[in-house]
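S.K.: My structure is in run-v6.cif, and what it holds is mmCIF, C-alpha atoms and all ligand atoms:
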data_protein
loop_
_atom_site.group_PDB
_atom_site.id
_atom_site.type_symbol
_atom_site.label_atom_id
_atom_site.label_comp_id
_atom_site.auth_asym_id
_atom_site.auth_seq_id
_atom_site.Cartn_x
_atom_site.Cartn_y
_atom_site.Cartn_z
ATOM 1 C CA MET A 208 -21.580 -29.340 18.277
ATOM 2 C CA LEU A 209 -20.575 -25.832 18.995
ATOM 3 C CA ALA A 210 -18.209 -26.091 21.911
ATOM 4 C CA ARG A 211 -18.200 -23.023 24.106
ATOM 5 C CA MET A 212 -14.761 -21.583 23.725
ATOM 6 C CA PRO A 213 -13.607 -19.418 26.578
ATOM 7 C CA LEU A 214 -11.331 -16.416 26.110
ATOM 8 C CA ASN A 215 -8.363 -18.647 26.982
ATOM 9 C CA GLU A 216 -8.062 -19.625 23.367
ATOM 10 C CA TYR A 217 -8.290 -15.993 22.265
ATOM 11 C CA ARG A 218 -5.557 -15.023 24.728
ATOM 12 C CA ALA A 219 -3.307 -17.987 24.027
ATOM 13 C CA LYS A 220 -3.060 -16.961 20.381
ATOM 14 C CA ARG A 221 -1.867 -13.438 21.115
ATOM 15 C CA ASN A 222 1.057 -11.598 22.644
ATOM 16 C CA PHE A 223 -0.491 -8.510 24.191
ATOM 17 C CA SER A 224 2.882 -6.851 24.664
ATOM 18 C CA VAL A 225 3.118 -6.437 20.879
ATOM 19 C CA SER A 226 -0.533 -6.426 19.818
ATOM 20 C CA PRO A 227 -2.839 -3.480 20.509
ATOM 21 C CA GLU A 228 -5.830 -5.834 20.645
ATOM 22 C CA PRO A 229 -7.693 -5.889 23.974
ATOM 23 C CA ARG A 230 -6.783 -8.714 26.323
ATOM 24 C CA GLY A 231 -10.374 -9.014 27.442
ATOM 25 C CA LYS A 232 -11.636 -9.127 30.970
ATOM 26 C CA ALA A 233 -14.006 -11.767 32.206
ATOM 27 C CA PRO A 234 -17.115 -12.172 30.061
ATOM 28 C CA VAL A 235 -19.239 -9.046 30.424
ATOM 29 C CA ARG A 236 -22.928 -9.840 30.752
ATOM 30 C CA ARG A 237 -25.090 -6.828 30.147
ATOM 31 C CA LYS A 238 -28.773 -6.076 30.224
ATOM 32 C CA LYS A 239 -28.630 -4.024 27.081
ATOM 33 C CA ASP A 240 -29.345 -4.612 23.448
ATOM 34 C CA LEU A 241 -27.010 -7.266 22.133
ATOM 35 C CA PHE A 242 -24.029 -5.940 20.186
ATOM 36 C CA PHE A 243 -22.890 -7.212 16.819
ATOM 37 C CA CYS A 244 -20.100 -6.178 14.506
ATOM 38 C CA VAL A 245 -18.268 -7.159 11.366
ATOM 39 C CA GLN A 246 -14.533 -6.538 11.308
ATOM 40 C CA LYS A 247 -12.879 -6.572 7.906
ATOM 41 C CA HIS A 248 -9.525 -8.165 8.524
ATOM 42 C CA LEU A 249 -6.633 -8.001 6.106
ATOM 43 C CA ALA A 250 -4.257 -10.670 7.394
ATOM 44 C CA SER A 251 -2.763 -13.557 5.406
ATOM 45 C CA HIS A 252 -6.164 -13.554 3.673
ATOM 46 C CA LEU A 253 -8.776 -10.850 3.532
ATOM 47 C CA HIS A 254 -11.871 -11.929 5.441
ATOM 48 C CA TYR A 255 -14.735 -10.499 7.467
ATOM 49 C CA ASP A 256 -15.146 -11.457 11.125
ATOM 50 C CA PHE A 257 -18.829 -11.614 12.010
ATOM 51 C CA ARG A 258 -19.361 -11.300 15.773
ATOM 52 C CA LEU A 259 -22.479 -11.613 17.915
ATOM 53 C CA GLU A 260 -22.655 -10.792 21.609
ATOM 54 C CA HIS A 261 -23.804 -13.803 23.586
ATOM 55 C CA ASP A 262 -23.271 -14.653 27.247
ATOM 56 C CA GLY A 263 -20.814 -11.812 27.767
ATOM 57 C CA VAL A 264 -18.473 -12.562 24.862
ATOM 58 C CA LEU A 265 -18.511 -12.217 21.078
ATOM 59 C CA LEU A 266 -19.335 -15.415 19.219
ATOM 60 C CA SER A 267 -17.223 -15.210 16.087
ATOM 61 C CA TRP A 268 -17.273 -16.514 12.528
ATOM 62 C CA ALA A 269 -14.700 -15.728 9.838
ATOM 63 C CA VAL A 270 -16.508 -15.062 6.556
ATOM 64 C CA PRO A 271 -13.959 -15.157 3.695
ATOM 65 C CA LYS A 272 -16.112 -13.302 1.157
ATOM 66 C CA GLY A 273 -17.996 -11.148 3.624
ATOM 67 C CA PRO A 274 -21.732 -11.000 4.290
ATOM 68 C CA SER A 275 -24.050 -10.675 1.296
ATOM 69 C CA ILE A 276 -27.454 -9.017 1.383
ATOM 70 C CA ASP A 277 -28.431 -11.031 -1.703
ATOM 71 C CA PRO A 278 -30.755 -13.822 -0.463
ATOM 72 C CA THR A 279 -29.598 -16.122 -3.279
ATOM 73 C CA VAL A 280 -26.018 -16.018 -1.966
ATOM 74 C CA LYS A 281 -24.825 -18.193 0.909
ATOM 75 C CA ARG A 282 -21.533 -17.223 2.456
ATOM 76 C CA LEU A 283 -19.197 -19.679 4.157
ATOM 77 C CA ALA A 284 -18.645 -18.704 7.798
ATOM 78 C CA MET A 285 -15.985 -20.567 9.794
ATOM 79 C CA HIS A 286 -16.705 -20.591 13.495
ATOM 80 C CA VAL A 287 -13.664 -19.327 15.410
ATOM 81 C CA GLU A 288 -12.857 -18.659 19.032
ATOM 82 C CA ASP A 289 -14.931 -16.298 21.154
ATOM 83 C CA HIS A 290 -13.588 -12.766 21.416
ATOM 84 C CA PRO A 291 -13.961 -10.380 24.355
ATOM 85 C CA LEU A 292 -16.832 -7.949 24.142
ATOM 86 C CA GLU A 293 -14.530 -4.941 23.962
ATOM 87 C CA TYR A 294 -12.885 -6.388 20.857
ATOM 88 C CA GLY A 295 -16.011 -5.289 19.015
ATOM 89 C CA GLU A 296 -14.826 -1.686 18.884
ATOM 90 C CA PHE A 297 -11.261 -2.532 17.891
ATOM 91 C CA GLU A 298 -9.803 -1.146 14.706
ATOM 92 C CA GLY A 299 -6.126 -0.869 13.947
ATOM 93 C CA LEU A 300 -2.882 -2.532 13.053
ATOM 94 C CA ILE A 301 -1.703 -5.802 14.512
ATOM 95 C CA PRO A 302 2.044 -5.543 13.925
ATOM 96 C CA GLU A 303 2.984 -9.194 14.310
ATOM 97 C CA GLY A 304 1.840 -12.578 15.531
ATOM 98 C CA TYR A 305 -1.627 -14.065 15.249
ATOM 99 C CA GLY A 306 -3.839 -12.149 12.831
ATOM 100 C CA ALA A 307 -1.059 -9.701 11.945
ATOM 101 C CA GLY A 308 -2.436 -7.110 9.568
ATOM 102 C CA ILE A 309 -5.195 -4.515 9.624
ATOM 103 C CA VAL A 310 -8.577 -4.691 11.295
ATOM 104 C CA MET A 311 -11.309 -2.352 10.067
ATOM 105 C CA LEU A 312 -14.625 -1.998 11.891
ATOM 106 C CA TRP A 313 -16.792 -2.511 8.802
ATOM 107 C CA ASP A 314 -20.191 -2.624 10.484
ATOM 108 C CA ARG A 315 -21.661 -2.515 13.949
ATOM 109 C CA GLY A 316 -24.995 -2.291 15.639
ATOM 110 C CA THR A 317 -27.337 -4.490 17.608
ATOM 111 C CA TRP A 318 -28.758 -7.931 16.977
ATOM 112 C CA GLU A 319 -31.756 -9.826 18.190
ATOM 113 C CA PRO A 320 -32.239 -13.590 18.168
ATOM 114 C CA LEU A 321 -35.342 -14.778 16.330
ATOM 115 C CA VAL A 322 -35.311 -17.931 18.452
ATOM 116 C CA ASP A 323 -36.253 -18.436 22.094
ATOM 117 C CA ASP A 324 -32.998 -20.068 23.139
ATOM 118 C CA VAL A 325 -29.747 -18.973 21.522
ATOM 119 C CA ALA A 326 -27.660 -21.699 23.156
ATOM 120 C CA ALA A 327 -30.060 -24.373 21.893
ATOM 121 C CA ALA A 328 -30.070 -22.805 18.416
ATOM 122 C CA LEU A 329 -26.254 -22.827 18.331
ATOM 123 C CA LYS A 330 -26.197 -26.426 19.441
ATOM 124 C CA LYS A 331 -28.703 -27.318 16.777
ATOM 125 C CA GLY A 332 -26.731 -25.320 14.189
ATOM 126 C CA ASP A 333 -29.594 -23.096 13.103
ATOM 127 C CA LEU A 334 -29.626 -19.558 14.457
ATOM 128 C CA LYS A 335 -32.092 -17.086 13.008
ATOM 129 C CA LEU A 336 -31.411 -13.487 13.858
ATOM 130 C CA ARG A 337 -32.187 -9.892 13.087
ATOM 131 C CA LEU A 338 -29.443 -7.323 12.559
ATOM 132 C CA ASP A 339 -29.663 -3.591 12.987
ATOM 133 C CA GLY A 340 -26.318 -2.278 11.828
ATOM 134 C CA VAL A 341 -25.210 0.575 9.631
ATOM 135 C CA LYS A 342 -24.892 -1.641 6.562
ATOM 136 C CA LEU A 343 -26.502 -4.944 7.485
ATOM 137 C CA LYS A 344 -30.115 -5.018 8.562
ATOM 138 C CA GLY A 345 -33.094 -7.312 8.687
ATOM 139 C CA SER A 346 -33.438 -11.040 8.981
ATOM 140 C CA TRP A 347 -30.491 -13.441 8.611
ATOM 141 C CA ALA A 348 -29.568 -17.027 9.447
ATOM 142 C CA LEU A 349 -26.453 -18.912 10.446
ATOM 143 C CA ILE A 350 -26.720 -22.579 9.492
ATOM 144 C CA ARG A 351 -24.084 -25.159 10.387
ATOM 145 C CA THR A 352 -23.035 -27.476 7.561
ATOM 146 C CA SER A 353 -21.587 -30.955 7.715
ATOM 147 C CA GLY A 354 -18.036 -29.900 6.735
ATOM 148 C CA GLY A 355 -15.118 -28.346 8.548
ATOM 149 C CA ASP A 356 -15.169 -30.414 11.745
ATOM 150 C CA GLY A 357 -18.418 -28.777 12.756
ATOM 151 C CA ARG A 358 -16.900 -25.318 12.411
ATOM 152 C CA SER A 359 -18.300 -24.689 8.992
ATOM 153 C CA TRP A 360 -21.481 -22.606 8.820
ATOM 154 C CA LEU A 361 -23.325 -20.607 6.176
ATOM 155 C CA LEU A 362 -24.368 -17.002 6.677
ATOM 156 C CA LEU A 363 -27.376 -16.057 4.623
ATOM 157 C CA LYS A 364 -29.821 -13.225 4.204
ATOM 158 C CA HIS A 365 -33.535 -13.869 4.307
ATOM 159 C CA ARG A 366 -35.815 -12.135 1.831
ATOM 160 C CA ASP A 367 -37.117 -8.921 3.332
ATOM 161 C CA GLU A 368 -37.016 -5.202 2.681
ATOM 162 C CA TRP A 369 -33.300 -5.126 3.593
ATOM 163 C CA ALA A 370 -32.317 -7.716 0.987
ATOM 164 C CA GLY A 371 -31.255 -6.929 -2.550
ATOM 165 C CA PRO A 372 -28.896 -8.052 -5.297
ATOM 166 C CA LEU A 373 -26.241 -5.600 -4.266
ATOM 167 C CA ASP A 374 -22.652 -6.450 -3.393
ATOM 168 C CA ILE A 375 -22.601 -4.618 -0.089
ATOM 169 C CA ALA A 376 -18.873 -5.277 0.459
ATOM 170 C CA VAL A 377 -18.065 -3.518 -2.833
ATOM 171 C CA PHE A 378 -20.744 -0.881 -2.442
ATOM 172 C CA ALA A 379 -19.814 0.080 1.112
ATOM 173 C CA PRO A 380 -16.156 -0.863 1.663
ATOM 174 C CA LYS A 381 -15.194 1.669 4.324
ATOM 175 C CA SER A 382 -14.961 1.776 8.109
ATOM 176 C CA VAL A 383 -18.015 2.706 10.155
ATOM 177 C CA LYS A 384 -15.647 3.857 12.905
ATOM 178 C CA SER A 385 -13.060 6.051 11.173
ATOM 179 C CA GLY A 386 -14.840 6.479 7.858
ATOM 180 C CA GLY A 387 -11.907 5.510 5.649
ATOM 181 C CA TYR A 388 -10.254 2.683 3.766
ATOM 182 C CA PHE A 389 -7.515 0.300 4.953
ATOM 183 C CA THR A 390 -4.898 2.788 3.759
ATOM 184 C CA ASP A 391 -6.484 5.541 5.858
ATOM 185 C CA ILE A 392 -6.204 3.333 8.953
ATOM 186 C CA ILE A 393 -2.494 2.787 8.280
ATOM 187 C CA GLU A 394 -1.944 6.449 7.596
ATOM 188 C CA GLU A 395 -3.763 7.534 10.741
ATOM 189 C CA GLN A 396 -2.477 4.905 13.143
ATOM 190 C CA ALA A 397 1.003 4.245 11.830
ATOM 191 C CA PRO A 398 2.177 7.212 9.762
ATOM 192 C CA ALA A 399 5.787 6.020 10.012
ATOM 193 C CA ILE A 400 4.920 2.710 8.359
ATOM 194 C CA TRP A 401 2.835 4.491 5.771
ATOM 195 C CA THR A 402 5.584 6.955 4.892
ATOM 196 C CA SER A 403 8.310 4.359 4.763
ATOM 197 C CA ASN A 404 6.177 2.137 2.579
ATOM 198 C CA ARG A 405 5.361 4.897 0.172
ATOM 199 C CA ALA A 406 8.974 5.963 0.017
ATOM 200 C CA ALA A 407 10.922 2.756 0.238
ATOM 201 C CA LYS A 408 8.317 -0.021 0.082
ATOM 202 C CA SER A 409 9.650 -1.372 3.308
ATOM 203 C CA ALA A 410 7.685 -1.309 6.495
ATOM 204 C CA PRO A 411 9.003 -2.577 9.814
ATOM 205 C CA GLY A 412 7.497 -5.506 11.649
ATOM 206 C CA GLY A 413 6.792 -7.637 8.600
ATOM 207 C CA LEU A 414 3.884 -5.477 7.531
ATOM 208 C CA THR A 415 5.313 -4.559 4.121
ATOM 209 C CA LYS A 416 3.237 -7.090 2.207
ATOM 210 C CA ILE A 417 0.120 -6.147 4.146
ATOM 211 C CA VAL A 418 0.622 -2.472 3.399
ATOM 212 C CA GLU A 419 1.132 -3.232 -0.301
ATOM 213 C CA ARG A 420 -2.027 -5.334 -0.350
ATOM 214 C CA ALA A 421 -3.926 -2.611 1.523
ATOM 215 C CA ILE A 422 -2.940 -0.121 -1.190
ATOM 216 C CA ALA A 423 -4.033 -2.512 -3.955
ATOM 217 C CA ILE A 424 -7.326 -3.363 -2.220
ATOM 218 C CA THR A 425 -8.105 0.300 -1.566
ATOM 219 C CA GLU A 426 -7.527 1.139 -5.245
ATOM 220 C CA GLU A 427 -9.917 -1.655 -6.247
ATOM 221 C CA GLU A 428 -12.495 -0.460 -3.742
ATOM 222 C CA LYS A 429 -12.380 3.100 -5.062
ATOM 223 C CA LYS A 430 -12.930 1.736 -8.584
ATOM 224 C CA GLY A 431 -15.838 -0.364 -7.310
ATOM 225 C CA ALA A 432 -17.499 2.637 -5.679
ATOM 226 C CA LEU A 433 -16.997 4.602 -8.893
ATOM 227 C CA ALA A 434 -18.548 1.811 -10.969
ATOM 228 C CA TYR A 435 -21.596 1.797 -8.713
ATOM 229 C CA ALA A 436 -21.920 5.551 -8.959
ATOM 230 C CA ARG A 437 -21.719 5.419 -12.771
ATOM 231 C CA ALA A 438 -24.338 2.697 -12.915
ATOM 232 C CA GLY A 439 -26.714 4.861 -10.919
ATOM 233 C CA GLY A 440 -26.171 3.316 -7.530
ATOM 234 C CA ALA A 441 -26.806 -0.385 -7.573
ATOM 235 C CA LYS A 442 -26.441 -1.931 -10.984
ATOM 236 C CA ARG A 443 -29.572 -1.465 -13.020
ATOM 237 C CA GLU A 444 -30.483 -5.106 -13.079
ATOM 238 C CA ALA A 445 -29.689 -5.241 -9.410
ATOM 239 C CA ARG A 446 -32.063 -2.745 -7.931
ATOM 240 C CA PRO A 447 -32.433 -3.481 -4.232
ATOM 241 C CA ALA A 448 -35.766 -3.476 -2.522
ATOM 242 C CA LYS A 449 -37.166 -0.207 -1.255
ATOM 243 C CA GLY A 450 -35.369 0.804 1.894
ATOM 244 C CA ALA A 451 -32.381 -1.448 1.294
ATOM 245 C CA PRO A 452 -29.003 -0.067 2.330
ATOM 246 C CA SER A 453 -28.168 1.354 -1.104
ATOM 247 C CA ALA A 454 -30.694 4.086 -0.612
ATOM 248 C CA ARG A 455 -29.931 4.624 3.005
ATOM 249 C CA SER A 456 -27.147 3.710 5.340
ATOM 250 C CA GLY A 457 -24.458 2.748 2.874
ATOM 251 C CA SER A 458 -25.047 5.688 0.612
ATOM 252 C CA ALA A 459 -23.064 8.365 2.359
ATOM 253 C CA GLU A 460 -19.928 6.289 2.286
ATOM 254 C CA ALA A 461 -20.202 5.200 -1.313
ATOM 255 C CA THR A 462 -21.097 8.690 -2.415
ATOM 256 C CA THR A 463 -18.104 10.168 -0.688
ATOM 257 C CA GLY A 464 -15.781 7.528 -2.038
ATOM 258 C CA ALA A 465 -17.194 7.763 -5.502
ATOM 259 C CA SER A 466 -17.089 11.509 -5.750
ATOM 260 C CA LYS A 467 -13.544 11.570 -4.443
ATOM 261 C CA ALA A 468 -12.552 8.959 -6.981
ATOM 262 C CA ARG A 469 -14.423 10.788 -9.731
ATOM 263 C CA SER A 470 -12.532 13.992 -9.224
ATOM 264 C CA THR A 471 -9.170 12.316 -9.672
ATOM 265 C CA ARG A 472 -9.893 9.448 -12.022
ATOM 266 C CA ARG A 473 -12.403 10.723 -14.484
ATOM 267 C CA LYS A 474 -11.951 9.031 -17.837
ATOM 268 C CA PRO A 475 -12.745 10.481 -21.239
ATOM 269 C CA GLY A 476 -16.184 9.339 -22.282
ATOM 270 C CA ALA A 477 -17.621 9.429 -18.824
ATOM 271 C CA SER A 478 -18.093 13.151 -18.973
ATOM 272 C CA GLY A 479 -21.225 13.218 -21.072
ATOM 273 C CA ARG A 480 -23.349 11.547 -18.466
ATOM 274 C CA ALA A 481 -23.261 12.659 -14.895
ATOM 275 C CA ALA A 482 -23.033 9.678 -12.604
ATOM 276 C CA ARG A 483 -26.004 9.393 -10.334
ATOM 277 C CA SER A 484 -24.889 8.956 -6.796
ATOM 278 C CA PRO A 485 -26.210 5.952 -4.890
ATOM 279 C CA ALA A 486 -27.947 8.386 -2.589
ATOM 280 C CA ALA A 487 -29.821 9.922 -5.474
ATOM 281 C CA LYS A 488 -30.816 6.545 -6.840
ATOM 282 C CA GLY A 489 -33.729 5.952 -4.537
ATOM 283 C CA ARG A 490 -35.242 9.384 -5.099
ATOM 284 C CA PRO A 491 -37.770 10.197 -7.796
ATOM 285 C CA ARG A 492 -36.131 11.560 -10.901
HETATM 286 MN MN MN B 501 -9.878 -12.391 11.624
#
Kindly present the structure from the file in structure tokens form.
M.R.:
Amino acid sequence: MLARMPLNEYRAKRNFSVSPEPRGKAPVRRKKDLFFCVQKHLASHLHYDFRLEHDGVLLSWAVPKGPSIDPTVKRLAMHVEDHPLEYGEFEGLIPEGYGAGIVMLWDRGTWEPLVDDVAAALKKGDLKLRLDGVKLKGSWALIRTSGGDGRSWLLLKHRDEWAGPLDIAVFAPKSVKSGGYFTDIIEEQAPAIWTSNRAAKSAPGGLTKIVERAIAITEEEKKGALAYARAGGAKREARPAKGAPSARSGSAEATTGASKARSTRRKPGASGRAARSPAAKGRPR
């Protein structure tokens, strides 16, 4: 059973005098396209919060490894408390308390249920949906499993033109809101913390470890983008279907990241062959 969790639980977990997260008004029911987002959240563990607008709030699942557009990959998605609708645009630092760390708006867009009755589908534990985000598109499903006290679900991609054997989290690691990495969010929103960490490796508010991890993760992500660029976009054996995000929405980000990384980290031996950018991949040679 998916119990409807009101915003009380969301609010009870947070101290809004120290957290910049929105408190959330009453559920906001709109007659617009339904909103969805994925927030990449570096807290005690890195995870991706997958959120779907429903009945004026954001239904939320924490996906430890992030969504995959590979239809052979099922990703664990732990159902968590509803979040207010306005949380969907949040990006920033949570200095302390519940979820302390960095939230990056990793994807956003609209979603559409592929079932007649969303509430009934949630109750049944089988919600088929279509996403139209910047990175995630096409047909998906959320399927409840028997584990985790009924909170354990699987997020999976159906086979369609938006599926492909591409690690979208590695390929397109950056924010769709501010355009940067975790470290850019720290630098922009908390320059004092950033400077003190760079200089003295000590940030106030218990964020030191988070900042250090953000630096390490960002370095890995730049390497990942570079590896994709060198391999000619998606790995050769992993060519996504025509129209999949590698050739479209995700490309600008990965190209930018890769070319930035290339200019500073070029290794001997890589010079002979110009890396094809992911954007160029889909075009005729
Ligand atoms: Mn989270």
S.K.: Apply the PyMOL selection byres (((chain A and resi 351) around 7) and not hetatm) to the structure shown and report the selected residues as JSON, numbers by chain.
M.R.: {"A": [332, 333, 349, 350, 352, 353, 359, 360, 361]}
S.K.: Any chance you could export the current selection's C-alpha atoms as a compact mmCIF listing (two decimals), in the coordinates of the input?
M.R.:
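Writing the result to part-v4.txt gives the following:
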# COMPACT_ATOMS: atom_id res chain seq x y z
CA GLY A 332 -26.73 -25.32 14.19
CA ASP A 333 -29.59 -23.10 13.10
CA LEU A 349 -26.45 -18.91 10.45
CA ILE A 350 -26.72 -22.58 9.49
CA THR A 352 -23.04 -27.48 7.56
CA SER A 353 -21.59 -30.96 7.72
CA SER A 359 -18.30 -24.69 8.99
CA TRP A 360 -21.48 -22.61 8.82
CA LEU A 361 -23.32 -20.61 6.18
S.K.: Could you list, as JSON, numbers by chain, all the residues within 7 Å of ligand MN 501 (chain B), counting only C-alpha atoms and all ligand atoms?
M.R.: {"A": [248, 254, 255, 256, 269, 306]}
S.K.: What does the structure give for the distance between CA of Leu334 in chain A and CA of Lys364 in chain A, in Å to one decimal?
M.R.: 12.1 Å
S.K.: Using Å and a single decimal, report how far CA of Gly299 in chain A sits from CA of Lys272 in chain A.
M.R.: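 Calculated distance between CA of Lys272 in chain A and CA of Gly299 in chain A is 20.4 Å.
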S.K.: Nearest to Glu216 in chain A among A:Glu288, A:Glu228, A:Asp262, A:Asp240, with distances taken over all atoms listed in the file: which residue is it?
M.R.: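 Using all atoms listed in the file, the shortest distance to Glu216 in chain A belongs to A:Glu288.
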S.K.: What does the distance between CA of Ser224 in chain A and CA of Gly387 in chain A come to in Å, to one decimal place?
M.R.: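 These two atoms are separated by 27.1 Å.
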S.K.: Tell me which of A:Glu428, A:Glu298, A:Glu303, A:Asp324 sits closest to Ser385 in chain A, counting all atoms listed in the file.
M.R.: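 Using all atoms listed in the file, the shortest distance to Ser385 in chain A belongs to A:Glu298.
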S.K.: Taking the partial coordinates given, rebuild range 242-256 of chain A to contain N, CA and C atoms; return it as a JSON list (two decimals), in the frame of the given file.
M.R.:
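And here is the file that came out, selection_26.json:
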[["chain", "number", "residue", "atom", "x", "y", "z"],
["A", 242, "PHE", "N", -24.92, -6.58, 21.15],
["A", 242, "PHE", "CA", -24.03, -5.94, 20.19],
["A", 242, "PHE", "C", -23.67, -6.92, 19.07],
["A", 243, "PHE", "N", -23.52, -6.41, 17.87],
["A", 243, "PHE", "CA", -22.89, -7.21, 16.82],
["A", 243, "PHE", "C", -21.94, -6.33, 16.03],
["A", 244, "CYS", "N", -20.96, -6.94, 15.40],
["A", 244, "CYS", "CA", -20.10, -6.18, 14.51],
["A", 244, "CYS", "C", -19.54, -7.09, 13.42],
["A", 245, "VAL", "N", -19.03, -6.46, 12.39],
["A", 245, "VAL", "CA", -18.27, -7.16, 11.37],
["A", 245, "VAL", "C", -16.95, -6.42, 11.23],
["A", 246, "GLN", "N", -15.85, -7.13, 11.46],
["A", 246, "GLN", "CA", -14.53, -6.54, 11.31],
["A", 246, "GLN", "C", -13.87, -7.09, 10.05],
["A", 247, "LYS", "N", -13.54, -6.19, 9.16],
["A", 247, "LYS", "CA", -12.88, -6.57, 7.91],
["A", 247, "LYS", "C", -11.40, -6.69, 8.24],
["A", 248, "HIS", "N", -10.85, -7.86, 8.00],
["A", 248, "HIS", "CA", -9.52, -8.16, 8.52],
["A", 248, "HIS", "C", -8.59, -8.57, 7.38],
["A", 249, "LEU", "N", -7.65, -7.69, 7.12],
["A", 249, "LEU", "CA", -6.63, -8.00, 6.11],
["A", 249, "LEU", "C", -5.44, -8.62, 6.81],
["A", 250, "ALA", "N", -5.38, -9.94, 6.80],
["A", 250, "ALA", "CA", -4.26, -10.67, 7.39],
["A", 250, "ALA", "C", -3.63, -11.49, 6.26],
["A", 251, "SER", "N", -3.30, -12.75, 6.51],
["A", 251, "SER", "CA", -2.76, -13.56, 5.41],
["A", 251, "SER", "C", -3.80, -13.66, 4.28],
["A", 252, "HIS", "N", -5.09, -13.65, 4.66],
["A", 252, "HIS", "CA", -6.16, -13.55, 3.67],
["A", 252, "HIS", "C", -7.14, -12.49, 4.14],
["A", 253, "LEU", "N", -7.72, -11.80, 3.19],
["A", 253, "LEU", "CA", -8.78, -10.85, 3.53],
["A", 253, "LEU", "C", -10.03, -11.64, 3.92],
["A", 254, "HIS", "N", -10.62, -11.30, 5.04],
["A", 254, "HIS", "CA", -11.87, -11.93, 5.44],
["A", 254, "HIS", "C", -12.65, -10.96, 6.32],
["A", 255, "TYR", "N", -13.87, -11.35, 6.65],
["A", 255, "TYR", "CA", -14.74, -10.50, 7.47],
["A", 255, "TYR", "C", -15.11, -11.29, 8.71],
["A", 256, "ASP", "N", -14.81, -10.76, 9.88],
["A", 256, "ASP", "CA", -15.15, -11.46, 11.12],
["A", 256, "ASP", "C", -16.50, -10.98, 11.62]]
